[in-house]
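Structure file upload.tsv; described as TSV, C-alpha atoms and all ligand atoms.
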chain	number	residue	atom	x	y	z
A	114	MET	CA	180.94	66.50	50.02
A	115	ILE	CA	178.35	69.23	49.58
A	116	THR	CA	175.03	68.46	47.88
A	117	LEU	CA	172.26	70.83	46.92
A	118	LEU	CA	169.06	69.01	47.84
A	119	ASN	CA	166.20	68.49	45.40
A	120	ASP	CA	162.72	69.34	46.61
A	121	ASN	CA	162.09	65.70	47.51
A	122	PHE	CA	165.40	65.33	49.39
A	123	SER	CA	166.23	62.28	47.26
A	124	GLN	CA	169.98	62.62	47.79
A	125	LEU	CA	169.52	62.58	51.56
A	126	ASN	CA	167.27	59.53	51.32
A	127	ASN	CA	169.85	57.71	49.18
A	128	PHE	CA	172.52	58.55	51.72
A	129	LEU	CA	170.41	57.20	54.60
A	130	HIS	CA	169.54	54.12	52.60
A	131	GLU	CA	173.12	53.32	51.67
A	132	GLY	CA	174.63	53.94	55.12
A	133	SER	CA	174.51	51.21	57.73
A	134	PHE	CA	173.24	53.35	60.57
A	135	SER	CA	171.53	51.97	63.65
A	136	LYS	CA	169.43	54.99	64.53
A	137	ILE	CA	169.08	58.68	63.68
A	138	PHE	CA	169.23	61.60	66.10
A	139	ILE	CA	168.12	64.94	64.68
A	140	LEU	CA	169.50	67.94	66.56
A	141	ALA	CA	167.51	71.14	66.11
A	142	ASP	CA	166.97	74.35	68.02
A	143	GLU	CA	163.52	75.72	68.81
A	144	ASN	CA	163.38	77.70	65.55
A	145	THR	CA	164.67	75.07	63.19
A	146	HIS	CA	162.34	72.65	64.96
A	147	GLU	CA	159.44	74.92	64.03
A	148	TYR	CA	160.51	76.10	60.57
A	149	CYS	CA	162.74	73.41	59.06
A	150	LEU	CA	162.04	70.09	60.77
A	151	PRO	CA	158.55	69.65	59.20
A	152	THR	CA	160.09	69.90	55.71
A	153	LEU	CA	162.86	67.47	56.63
A	154	LEU	CA	160.48	64.93	58.18
A	155	GLY	CA	157.99	65.38	55.33
A	156	ASN	CA	160.64	64.33	52.83
A	157	MET	CA	162.80	61.92	54.79
A	158	GLU	CA	162.18	58.30	53.82
A	159	THR	CA	163.88	55.79	56.05
A	160	ASP	CA	163.10	52.62	57.97
A	161	LEU	CA	165.44	53.69	60.74
A	162	GLY	CA	164.02	54.92	64.00
A	163	PHE	CA	164.73	58.53	64.86
A	164	GLU	CA	164.69	60.83	67.86
A	165	ILE	CA	164.50	64.61	67.91
A	166	LEU	CA	166.89	66.46	70.22
A	167	GLU	CA	165.87	70.07	70.71
A	168	ILE	CA	167.82	72.84	72.41
A	169	GLU	CA	166.99	76.49	72.96
A	170	ALA	CA	168.17	78.83	70.23
A	171	GLY	CA	171.16	81.12	70.61
A	172	GLU	CA	174.91	81.40	71.03
A	173	GLU	CA	174.50	81.28	74.83
A	174	MET	CA	173.57	77.60	74.42
A	175	LYS	CA	176.88	76.73	72.76
A	176	ASN	CA	178.52	75.61	75.97
A	177	ILE	CA	179.63	72.57	77.94
A	178	GLN	CA	176.33	72.33	79.86
A	179	THR	CA	174.37	71.81	76.64
A	180	ALA	CA	176.98	69.38	75.35
A	181	ASN	CA	176.73	67.45	78.61
A	182	GLN	CA	172.93	67.30	78.42
A	183	LEU	CA	173.16	65.96	74.87
A	184	TRP	CA	175.76	63.32	75.80
A	185	GLU	CA	173.46	62.24	78.65
A	186	ILE	CA	170.41	62.02	76.40
A	187	LEU	CA	172.39	59.97	73.87
A	188	THR	CA	173.36	57.63	76.69
A	189	GLU	CA	169.79	57.34	77.97
A	190	MET	CA	168.62	56.62	74.43
A	191	GLN	CA	171.37	54.01	74.01
A	192	ALA	CA	173.06	55.60	71.01
A	193	ASP	CA	175.66	53.18	69.73
A	194	ARG	CA	178.72	53.80	67.55
A	195	LYS	CA	176.61	53.35	64.40
A	196	ALA	CA	174.14	56.10	65.28
A	197	LEU	CA	173.91	59.09	62.95
A	198	ILE	CA	173.41	62.66	64.17
A	199	ILE	CA	171.72	65.07	61.75
A	200	ASN	CA	172.50	68.67	62.62
A	201	LEU	CA	169.59	70.76	61.40
A	202	GLY	CA	170.27	74.39	62.09
A	203	GLY	CA	172.61	77.33	61.99
A	204	GLY	CA	176.23	77.51	63.08
A	205	VAL	CA	175.37	76.95	66.74
A	206	ILE	CA	173.74	73.62	65.91
A	207	THR	CA	176.42	72.48	63.44
A	208	ASP	CA	179.26	73.49	65.83
A	209	MET	CA	177.54	71.95	68.86
A	210	GLY	CA	176.20	68.85	67.11
A	211	GLY	CA	179.54	68.20	65.44
A	212	PHE	CA	181.31	68.57	68.77
A	213	VAL	CA	178.93	66.24	70.61
A	214	ALA	CA	179.04	63.68	67.80
A	215	SER	CA	182.81	63.73	67.42
A	216	THR	CA	183.44	63.24	71.14
A	217	TYR	CA	180.65	60.82	72.12
A	218	LYS	CA	182.01	57.27	72.28
A	219	ARG	CA	185.09	58.68	70.49
A	220	GLY	CA	183.09	59.69	67.48
A	221	LEU	CA	179.68	59.13	65.88
A	222	SER	CA	178.89	59.92	62.26
A	223	PHE	CA	177.10	63.19	61.62
A	224	ILE	CA	175.76	65.19	58.71
A	225	ASN	CA	175.01	68.88	58.51
A	226	ILE	CA	171.85	70.37	57.05
A	227	PRO	CA	172.56	74.08	57.52
A	228	THR	CA	169.54	76.37	57.72
A	229	THR	CA	171.12	79.85	57.97
A	230	LEU	CA	173.07	81.67	55.29
A	231	LEU	CA	176.07	81.73	57.60
A	232	SER	CA	176.05	78.01	58.16
A	233	MET	CA	175.42	77.22	54.47
A	234	CYS	CA	178.35	79.32	53.27
A	235	ASP	CA	180.66	78.84	56.19
A	236	ALA	CA	180.02	77.13	59.52
A	237	SER	CA	178.79	73.76	58.24
A	238	ILE	CA	181.84	73.37	55.97
A	239	GLY	CA	185.37	72.61	57.04
A	240	GLY	CA	185.09	70.33	60.03
A	241	LYS	CA	185.64	72.79	62.86
A	242	THR	CA	183.31	71.95	65.72
A	243	GLY	CA	183.22	73.48	69.14
A	244	ILE	CA	181.74	75.28	72.08
A	245	ASP	CA	182.43	78.56	73.88
A	246	LEU	CA	184.19	78.66	77.26
A	247	MET	CA	183.51	81.48	79.71
A	248	HIS	CA	183.23	84.39	77.28
A	249	TYR	CA	185.82	83.02	74.87
A	250	LYS	CA	184.44	81.87	71.54
A	251	ASN	CA	185.04	78.33	70.29
A	252	MET	CA	187.67	77.61	72.95
A	253	VAL	CA	187.01	73.88	73.13
A	254	GLY	CA	186.45	71.82	70.04
A	255	THR	CA	187.57	69.25	67.53
A	256	PHE	CA	188.39	68.96	63.88
A	257	ALA	CA	185.80	66.48	62.62
A	258	LEU	CA	184.26	66.29	59.17
A	259	PRO	CA	180.58	65.60	58.61
A	260	GLU	CA	179.87	62.61	56.39
A	261	GLN	CA	177.92	64.94	54.11
A	262	ILE	CA	176.58	68.47	53.93
A	263	PHE	CA	173.13	68.89	52.41
A	264	ILE	CA	172.07	72.38	51.41
A	265	TYR	CA	168.43	73.33	50.91
A	266	PRO	CA	168.40	77.07	50.17
A	267	LYS	CA	164.61	77.32	50.60
A	268	PHE	CA	165.19	77.02	54.35
A	269	LEU	CA	166.37	80.63	54.15
A	270	GLU	CA	162.84	81.84	53.44
A	271	THR	CA	161.97	81.93	57.16
A	272	LEU	CA	165.29	83.37	58.30
A	273	PRO	CA	165.06	86.85	59.91
A	274	PHE	CA	166.74	89.64	57.94
A	275	LYS	CA	169.42	90.28	60.58
A	276	GLU	CA	170.49	86.63	60.41
A	277	LEU	CA	170.66	86.79	56.61
A	278	ARG	CA	172.80	89.90	56.84
A	279	SER	CA	175.03	88.18	59.39
A	280	GLY	CA	175.74	85.35	56.94
A	281	PHE	CA	176.33	87.83	54.14
A	282	ALA	CA	179.40	89.11	56.05
A	283	GLU	CA	181.12	85.74	55.60
A	284	MET	CA	180.26	85.80	51.88
A	285	LEU	CA	181.84	89.25	51.56
A	286	LYS	CA	184.86	87.88	53.40
A	287	HIS	CA	185.18	84.99	50.95
A	288	GLY	CA	185.23	87.47	48.08
A	289	LEU	CA	187.78	89.70	49.79
A	290	ILE	CA	190.23	86.93	50.66
A	291	ALA	CA	189.98	84.78	47.54
A	292	ASP	CA	187.83	85.98	44.66
A	293	LYS	CA	187.49	89.58	43.50
A	294	THR	CA	184.74	88.64	41.02
A	295	HIS	CA	182.64	87.20	43.87
A	296	TRP	CA	183.13	90.44	45.82
A	297	ASP	CA	182.21	92.52	42.74
A	298	HIS	CA	179.01	90.51	42.29
A	299	LEU	CA	178.04	90.73	45.95
A	300	ILE	CA	178.44	94.51	46.20
A	301	GLN	CA	176.08	94.90	43.27
A	302	ILE	CA	173.32	93.73	45.61
A	303	HIS	CA	171.29	96.76	46.64
A	304	LYS	CA	168.46	95.12	48.53
A	305	LEU	CA	169.77	92.30	50.66
A	306	ASP	CA	167.23	89.47	50.62
A	307	VAL	CA	167.05	85.73	49.96
A	308	GLU	CA	166.43	86.18	46.25
A	309	ALA	CA	169.50	88.39	45.88
A	310	VAL	CA	171.91	86.09	47.71
A	311	ILE	CA	170.70	82.69	46.60
A	312	SER	CA	172.59	82.57	43.31
A	313	HIS	CA	175.87	83.41	45.09
A	314	ILE	CA	175.72	80.70	47.76
A	315	ARG	CA	177.43	78.04	45.65
A	316	THR	CA	180.45	80.26	44.88
A	317	SER	CA	180.85	81.22	48.50
A	318	MET	CA	180.63	77.60	49.66
A	319	ASN	CA	183.17	76.56	47.06
A	320	ILE	CA	185.66	79.18	48.20
A	321	LYS	CA	185.46	77.91	51.77
A	322	GLN	CA	185.63	74.29	50.68
A	323	ASP	CA	188.67	74.90	48.42
A	324	VAL	CA	190.61	76.63	51.16
A	325	VAL	CA	189.80	73.94	53.70
A	326	GLU	CA	190.77	71.13	51.34
A	327	LYS	CA	194.18	72.70	50.85
A	328	ASP	CA	194.87	73.07	54.57
A	329	PHE	CA	192.50	71.16	56.84
A	330	HIS	CA	194.40	71.73	60.08
A	331	GLU	CA	194.92	75.47	59.55
A	332	LYS	CA	198.69	75.43	59.24
A	333	ASN	CA	198.77	77.96	56.43
A	334	ILE	CA	196.19	79.10	53.84
A	335	ARG	CA	193.14	78.26	55.99
A	336	LYS	CA	194.25	81.11	58.24
A	337	THR	CA	193.05	83.52	55.53
A	338	LEU	CA	189.47	82.63	56.56
A	339	ASN	CA	190.23	84.43	59.81
A	340	PHE	CA	190.31	87.79	58.06
A	341	GLY	CA	188.08	90.13	60.10
A	342	HIS	CA	187.85	87.58	62.90
A	343	THR	CA	190.79	88.57	65.11
A	344	ILE	CA	189.28	91.91	66.08
A	345	GLY	CA	185.77	90.63	65.22
A	346	HIS	CA	185.97	87.83	67.79
A	347	ALA	CA	187.25	90.23	70.44
A	348	ILE	CA	184.27	92.54	69.84
A	349	GLU	CA	181.86	89.57	69.79
A	350	SER	CA	183.30	88.24	73.07
A	351	LEU	CA	183.14	91.63	74.80
A	352	CYS	CA	179.52	92.11	73.78
A	353	LEU	CA	178.68	88.61	75.03
A	354	GLU	CA	180.46	89.28	78.32
A	355	GLN	CA	178.48	92.52	78.76
A	356	GLY	CA	175.22	90.66	78.26
A	357	ASN	CA	174.55	92.31	74.87
A	358	PRO	CA	175.31	89.51	72.42
A	359	ILE	CA	175.63	90.56	68.79
A	360	LEU	CA	175.46	88.34	65.75
A	361	HIS	CA	178.67	86.70	64.57
A	362	GLY	CA	178.49	88.33	61.14
A	363	GLU	CA	177.88	91.77	62.65
A	364	ALA	CA	181.08	91.39	64.66
A	365	VAL	CA	182.93	90.08	61.60
A	366	ALA	CA	181.75	93.06	59.52
A	367	ALA	CA	183.16	95.45	62.16
A	368	GLY	CA	186.30	93.31	62.39
A	369	MET	CA	186.75	93.42	58.61
A	370	ILE	CA	186.51	97.22	58.63
A	371	CYS	CA	189.20	97.45	61.33
A	372	GLU	CA	191.42	94.87	59.66
A	373	THR	CA	191.02	96.43	56.20
A	374	HIS	CA	192.23	99.72	57.64
A	375	LEU	CA	194.99	97.82	59.44
A	376	SER	CA	196.02	96.26	56.10
A	377	TYR	CA	196.41	99.80	54.77
A	378	LEU	CA	198.32	100.99	57.86
A	379	GLU	CA	200.69	98.05	57.52
A	380	GLU	CA	201.32	99.17	53.91
A	381	LEU	CA	199.91	95.97	52.44
A	382	LEU	CA	196.76	97.39	50.84
A	383	SER	CA	196.32	100.58	48.80
A	384	LYS	CA	194.37	103.48	50.27
A	385	GLU	CA	191.97	103.33	47.33
A	386	ASP	CA	191.16	99.62	47.83
A	387	SER	CA	190.87	100.08	51.57
A	388	GLU	CA	188.39	102.94	51.20
A	389	HIS	CA	186.37	101.05	48.57
A	390	ILE	CA	186.08	97.98	50.82
A	391	ILE	CA	185.15	99.92	53.94
A	392	GLU	CA	182.59	102.05	52.11
A	393	ASN	CA	180.88	98.94	50.74
A	394	ILE	CA	180.85	96.96	54.00
A	395	ARG	CA	179.28	100.00	55.69
A	396	ARG	CA	176.46	100.01	53.13
A	397	TYR	CA	175.10	96.81	54.67
A	398	TYR	CA	176.00	97.05	58.37
A	399	PRO	CA	175.04	99.63	60.97
A	400	TYR	CA	177.79	101.03	63.18
A	401	LEU	CA	178.51	98.93	66.29
A	402	ASP	CA	179.09	101.00	69.36
A	403	VAL	CA	182.43	99.84	70.73
A	404	SER	CA	183.07	102.98	72.78
A	405	ASP	CA	182.70	101.05	76.06
A	406	PHE	CA	185.57	98.73	75.18
A	407	SER	CA	189.01	99.96	76.10
A	408	ASN	CA	192.06	99.06	74.08
A	409	ASP	CA	193.23	97.04	77.11
A	410	ASP	CA	190.00	94.97	77.05
A	411	ILE	CA	190.48	94.29	73.37
A	412	PHE	CA	194.20	93.47	73.66
A	413	ALA	CA	193.54	91.03	76.49
A	414	LEU	CA	191.27	89.09	74.15
A	415	LEU	CA	193.55	89.43	71.13
A	416	LEU	CA	196.39	87.92	73.15
A	417	ASN	CA	194.23	84.92	74.03
A	418	ASP	CA	193.29	84.31	70.40
A	419	LYS	CA	193.78	80.69	69.36
A	420	LYS	CA	195.58	81.77	66.18
A	421	ASN	CA	198.52	83.25	68.06
A	422	ALA	CA	201.86	81.63	68.50
A	423	ASP	CA	204.84	82.90	70.54
A	424	SER	CA	202.64	85.49	72.34
A	425	ARG	CA	202.43	87.51	69.14
A	426	ILE	CA	199.13	88.77	67.78
A	427	ASN	CA	198.89	87.40	64.27
A	428	PHE	CA	196.54	88.78	61.66
A	429	SER	CA	195.27	87.68	58.28
A	430	LEU	CA	195.27	90.83	56.18
A	431	LEU	CA	194.46	91.89	52.63
A	432	SER	CA	197.11	92.83	50.09
A	433	GLU	CA	194.50	93.42	47.39
A	434	ILE	CA	190.84	92.55	46.85
A	435	GLY	CA	190.85	88.78	46.45
A	436	THR	CA	194.26	88.18	48.07
A	437	CYS	CA	194.93	87.63	51.74
A	438	ILE	CA	198.18	87.04	53.57
A	439	PHE	CA	198.39	85.34	56.96
A	440	ASP	CA	200.61	85.23	60.06
A	441	HIS	CA	201.23	88.93	59.75
A	442	HIS	CA	202.54	90.50	62.92
A	443	CYS	CA	201.27	94.08	63.31
A	444	SER	CA	202.64	96.88	65.40
A	445	GLN	CA	200.63	97.64	68.52
A	446	ASP	CA	200.39	101.29	67.44
A	447	ASN	CA	198.76	100.33	64.17
A	448	ILE	CA	196.26	98.04	65.90
A	449	ILE	CA	195.26	100.91	68.20
A	450	THR	CA	195.03	103.31	65.25
A	451	ALA	CA	192.77	100.85	63.42
A	452	LEU	CA	190.49	100.54	66.48
A	453	ASP	CA	190.35	104.33	66.83
A	454	PHE	CA	189.56	104.60	63.13
A	455	TYR	CA	186.50	102.38	63.68
A	456	ARG	CA	185.42	104.32	66.78
A	457	LYS	CA	185.44	107.54	64.74
A	458	LEU	CA	183.22	106.11	62.00
A	459	ILE	CA	180.09	106.73	64.06
B	1	LIG	P1	172.55	80.33	64.88
B	1	LIG	O1	172.79	78.91	64.71
B	1	LIG	O2	172.39	80.86	66.26
B	1	LIG	O3	171.26	80.72	64.02
B	1	LIG	C1	170.80	82.04	64.06
B	1	LIG	C2	169.32	82.12	64.47
B	1	LIG	O4	168.51	81.75	63.36
B	1	LIG	C3	168.91	81.21	65.61
B	1	LIG	O5	167.98	81.88	66.42
B	1	LIG	C4	168.25	80.05	64.90
B	1	LIG	O6	167.32	79.40	65.72
B	1	LIG	C5	167.58	80.75	63.77
B	1	LIG	N1	167.35	79.96	62.57
B	1	LIG	C6	168.18	79.07	61.99
B	1	LIG	N2	167.69	78.66	60.83
B	1	LIG	C7	166.50	79.27	60.65
B	1	LIG	C8	165.53	79.26	59.63
B	1	LIG	N3	165.71	78.56	58.50
B	1	LIG	N4	164.40	80.01	59.79
B	1	LIG	C9	164.25	80.78	60.92
B	1	LIG	N5	165.13	80.84	61.90
B	1	LIG	C10	166.26	80.10	61.78
B	1	LIG	O7	173.72	81.23	64.24
B	1	LIG	P2	174.53	81.26	62.87
B	1	LIG	O8	174.66	82.68	62.52
B	1	LIG	O9	173.99	80.32	61.85
B	1	LIG	O10	175.94	80.68	63.30
B	1	LIG	C11	176.75	81.37	64.23
B	1	LIG	C12	177.67	80.37	64.89
B	1	LIG	O11	178.46	79.72	63.89
B	1	LIG	C13	178.63	81.01	65.87
B	1	LIG	O12	178.63	80.25	67.05
B	1	LIG	C14	179.98	80.91	65.17
B	1	LIG	O13	181.05	80.81	66.07
B	1	LIG	C15	179.80	79.66	64.36
B	1	LIG	N6	180.68	79.56	63.18
B	1	LIG	C16	181.38	78.42	63.03
B	1	LIG	C17	182.22	78.27	61.94
B	1	LIG	C18	182.97	76.99	61.73
B	1	LIG	O14	183.79	76.89	60.84
B	1	LIG	N7	182.71	75.97	62.52
B	1	LIG	C19	182.32	79.29	60.99
B	1	LIG	C20	181.57	80.45	61.17
B	1	LIG	C21	180.74	80.57	62.28
B	2	ZN	ZN	183.09	83.59	60.97
What is this structure when it is put down as structure tokens?
Amino acid sequence: MITLLNDNFSQLNNFLHEGSFSKIFILADENTHEYCLPTLLGNMETDLGFEILEIEAGEEMKNIQTANQLWEILTEMQADRKALIINLGGGVITDMGGFVASTYKRGLSFINIPTTLLSMCDASIGGKTGIDLMHYKNMVGTFALPEQIFIYPKFLETLPFKELRSGFAEMLKHGLIADKTHWDHLIQIHKLDVEAVISHIRTSMNIKQDVVEKDFHEKNIRKTLNFGHTIGHAIESLCLEQGNPILHGEAVAAGMICETHLSYLEELLSKEDSEHIIENIRRYYPYLDVSDFSNDDIFALLLNDKKNADSRINFSLLSEIGTCIFDHHCSQDNIITALDFYRKLI
């Protein structure tokens, strides 16, 4: 269930009041601790005791060491099975907090209060939790639903522009895979800022929620959410491995350009639609220099992708704006041509 919070957080307070929790643990990173926690604590009304768990900010923290530290702290603080974890942050916090909660003592309750555009529209919804392993993204994780998701769009006011733009990539993706009208509305945005995106958050969240409700365990239609992510994740992983991490949405934007062109090469999408999509994605995102990455580097990662079965590289690709097909096996030549197409866009 997704709830848009009032300014006094009354829905959250009702939820805390009605639940029979023993104690609350609020997980934040250093930025959400500074920018979002004061608003949460200023509005939260509960008789329950609470503890703040803070981690450093960044994707590099989404690993087993951090998870282990959090499990240890929960143990030291005697968290029992009725404890509630509140994940206050972006996708790193909701992925990490959901993972820690769903594994500790075989599962504690947790709620998500996403604070980035990306986590509001995407990461906090759908019950995928997880951590990275070596340089592979989200290699270890669980499917575990939060009890509730509470959205407070005003948290976006302190979000840096690059982070806002990163989340916008997932919104564009939602339009491309499921709702042409949403895409049409989004590309009318000329100046990307909080005011421009705020009225589109609900639609984007609903698209994700609808898809996930139809196919929680990603057996079929949920795979469409991976559009742009097969090549996008490979680029994101290679940048991370090189010590130059890029934002998830930046990688997804590059991945969507490659996979849109691939959709055209595979004769699924018209040339006209493909060019229109690529031209518009490029309006918002600077070119990512992928010249250091060889096709072999990229294929090694594509072959390790969690979405593959039978050693085939499976893609989710567009057949028109608003329609996505999944489990599409592409020719290696076309994948290389799509990567070369991106390299030449510089
Ligand atoms: P993030 O959590 O790292 O947040 C981005 C940055 O913004 C961080 O530095 C954070 O401290 C800061 N921040 C957060 N809220 C803020 C605020 N209100 N004001 C100022 N600063 C703020 O990253 P993200 O982009 O939200 O999420 C990316 C992660 O989400 C990736 O690990 C990705 O794999 C994951 N993800 C998961 C799913 C899923 O379904 N589980 C879907 C998409 C992405
Ligand atoms: Zn994503």
*In terms of the shortest atom-to-atom distance over only C-alpha atoms, which of A:Glu143, A:Glu172, A:Asp193, A:Asp297 is closest to A:Ile390?*
A:Asp297
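Here atom CA of A:Ile459 is placed at a distance of 29.2 Å from atom CA of A:Ala291.
Minimum atom-to-atom distances from A:Asp160, A:Asp402, A:Asp142, A:Glu276 to A:Leu201 were compared using only C-alpha atoms, and the lowest value belongs to A:Asp142.
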*Might you pull out every residue within 12 Å of A:Tyr455, with all atoms listed in the file counted and same-chain residues fewer than 4 positions away left off, and present them as an NGL selection string?*
:A and (344-345 or 348 or 366-375 or 391 or 395 or 400-404 or 448-451 or 459)
With all atoms of stretch 330-334 of chain A from the file as input, state the centre and edge lengths in Å to one decimal of the axis-aligned box that has 3 Å extra on each side, as JSON.
{"center_x": 196.6, "center_y": 75.4, "center_z": 57.0, "size_x": 10.4, "size_y": 13.4, "size_z": 12.2}
*Write out as a ChimeraX atom specification each polymer residue (protein, DNA or RNA) that has an atom no more than 6 Å from ligand LIG 1 (chain B), with all atoms listed in the file counted.*
/A:142,144-145,148-149,170-172,202-206,208,228-229,231-232,235-236,239,241-242,268-269,271-272,276,361
*Selected residue of minimal separation from ligand ZN 2 (chain B) among A:Phe256, A:Phe212, A:Phe340, A:Phe439, counting only C-alpha atoms and all ligand atoms*: A:Phe340
*Looking at A:Leu258, A:Leu299, A:Leu338, A:Ile168, which one is nearest to ligand ZN 2 (chain B), with distances taken over all atoms listed in the file?*
A:Leu338
Residues within 7 Å of ligand ZN 2 (chain B), counting all atoms listed in the file: report them as a JSON list (two decimals) with C-alpha atoms, in the coordinates of the input.
[["chain", "number", "residue", "atom", "x", "y", "z"],
["A", 283, "GLU", "CA", 181.12, 85.74, 55.60],
["A", 342, "HIS", "CA", 187.85, 87.58, 62.90],
["A", 361, "HIS", "CA", 178.67, 86.70, 64.57],
["A", 362, "GLY", "CA", 178.49, 88.33, 61.14],
["A", 365, "VAL", "CA", 182.93, 90.08, 61.60]]
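Among A:Leu161, A:Ile334, A:Leu430, A:Cys352, the residue with the shortest atom-to-atom distance to A:Leu378, counting only C-alpha atoms, is A:Leu430.
Put simply, atom CA of A:Pro151 is 21.6 Å away from atom CA of A:Phe274.
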*Identify, on the basis of only C-alpha atoms, every residue whose closest approach to A:Leu187 does not exceed 10 Å; exclude the query and any residue fewer than 6 positions from it along the same chain; express the result as an NGL selection string.*
:A and (138 or 164 or 166 or 181 or 193 or 196 or 213-214 or 217)
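Once A:Ser376 and its same-chain neighbours fewer than 4 positions away are set aside, Cys371, Glu372, Glu380, Leu381, Leu382, Ser383, Ser387, Ser429, Leu430, Leu431 and Ser432 of chain A remain within 9 Å of it when counting all atoms listed in the file.
Pairwise distance (atom CA of A:Ser350, atom CA of A:Ser237) equals 21.2 Å.
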*Using only C-alpha atoms, determine which residues lie at most 10 Å from A:His303, disregarding the query and same-chain residues fewer than 3 positions distant; provide the list as a VMD selection string.*
chain A and resid 299 to 300 306 309 396 to 397
Written selection (C-alpha atoms) as a PDB file, in the coordinates of the input:
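Generated file (selection-v1.pdb):
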ATOM      1  CA  LEU A 299     178.040  90.730  45.950  1.00  0.00           C
ATOM      2  CA  ILE A 300     178.440  94.510  46.200  1.00  0.00           C
ATOM      3  CA  ASP A 306     167.230  89.470  50.620  1.00  0.00           C
ATOM      4  CA  ALA A 309     169.500  88.390  45.880  1.00  0.00           C
ATOM      5  CA  ARG A 396     176.460 100.010  53.130  1.00  0.00           C
ATOM      6  CA  TYR A 397     175.100  96.810  54.670  1.00  0.00           C
TER       7      TYR A 397
END
*Near A:Arg335, counting all atoms listed in the file, which residues have an atom at most 9 Å away, once you skip same-chain residues fewer than 5 positions from it, shown as a list in words?*
Lys321, Val324, Val325, Glu326, Lys327, Asp328, Phe329, His330 and Phe439 of chain A
Produce a file of the selected residues containing C-alpha atoms, as a PDB file, keeping the file's coordinate frame.
ATOM      1  CA  LYS A 321     185.460  77.910  51.770  1.00  0.00           C
ATOM      2  CA  VAL A 324     190.610  76.630  51.160  1.00  0.00           C
ATOM      3  CA  VAL A 325     189.800  73.940  53.700  1.00  0.00           C
ATOM      4  CA  GLU A 326     190.770  71.130  51.340  1.00  0.00           C
ATOM      5  CA  LYS A 327     194.180  72.700  50.850  1.00  0.00           C
ATOM      6  CA  ASP A 328     194.870  73.070  54.570  1.00  0.00           C
ATOM      7  CA  PHE A 329     192.500  71.160  56.840  1.00  0.00           C
ATOM      8  CA  HIS A 330     194.400  71.730  60.080  1.00  0.00           C
ATOM      9  CA  PHE A 439     198.390  85.340  56.960  1.00  0.00           C
TER      10      PHE A 439
END
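Residue nearest A:Lys293, chosen from A:Asn127, A:Thr436, A:Thr116, A:Asn333 and counting only C-alpha atoms: A:Thr436.
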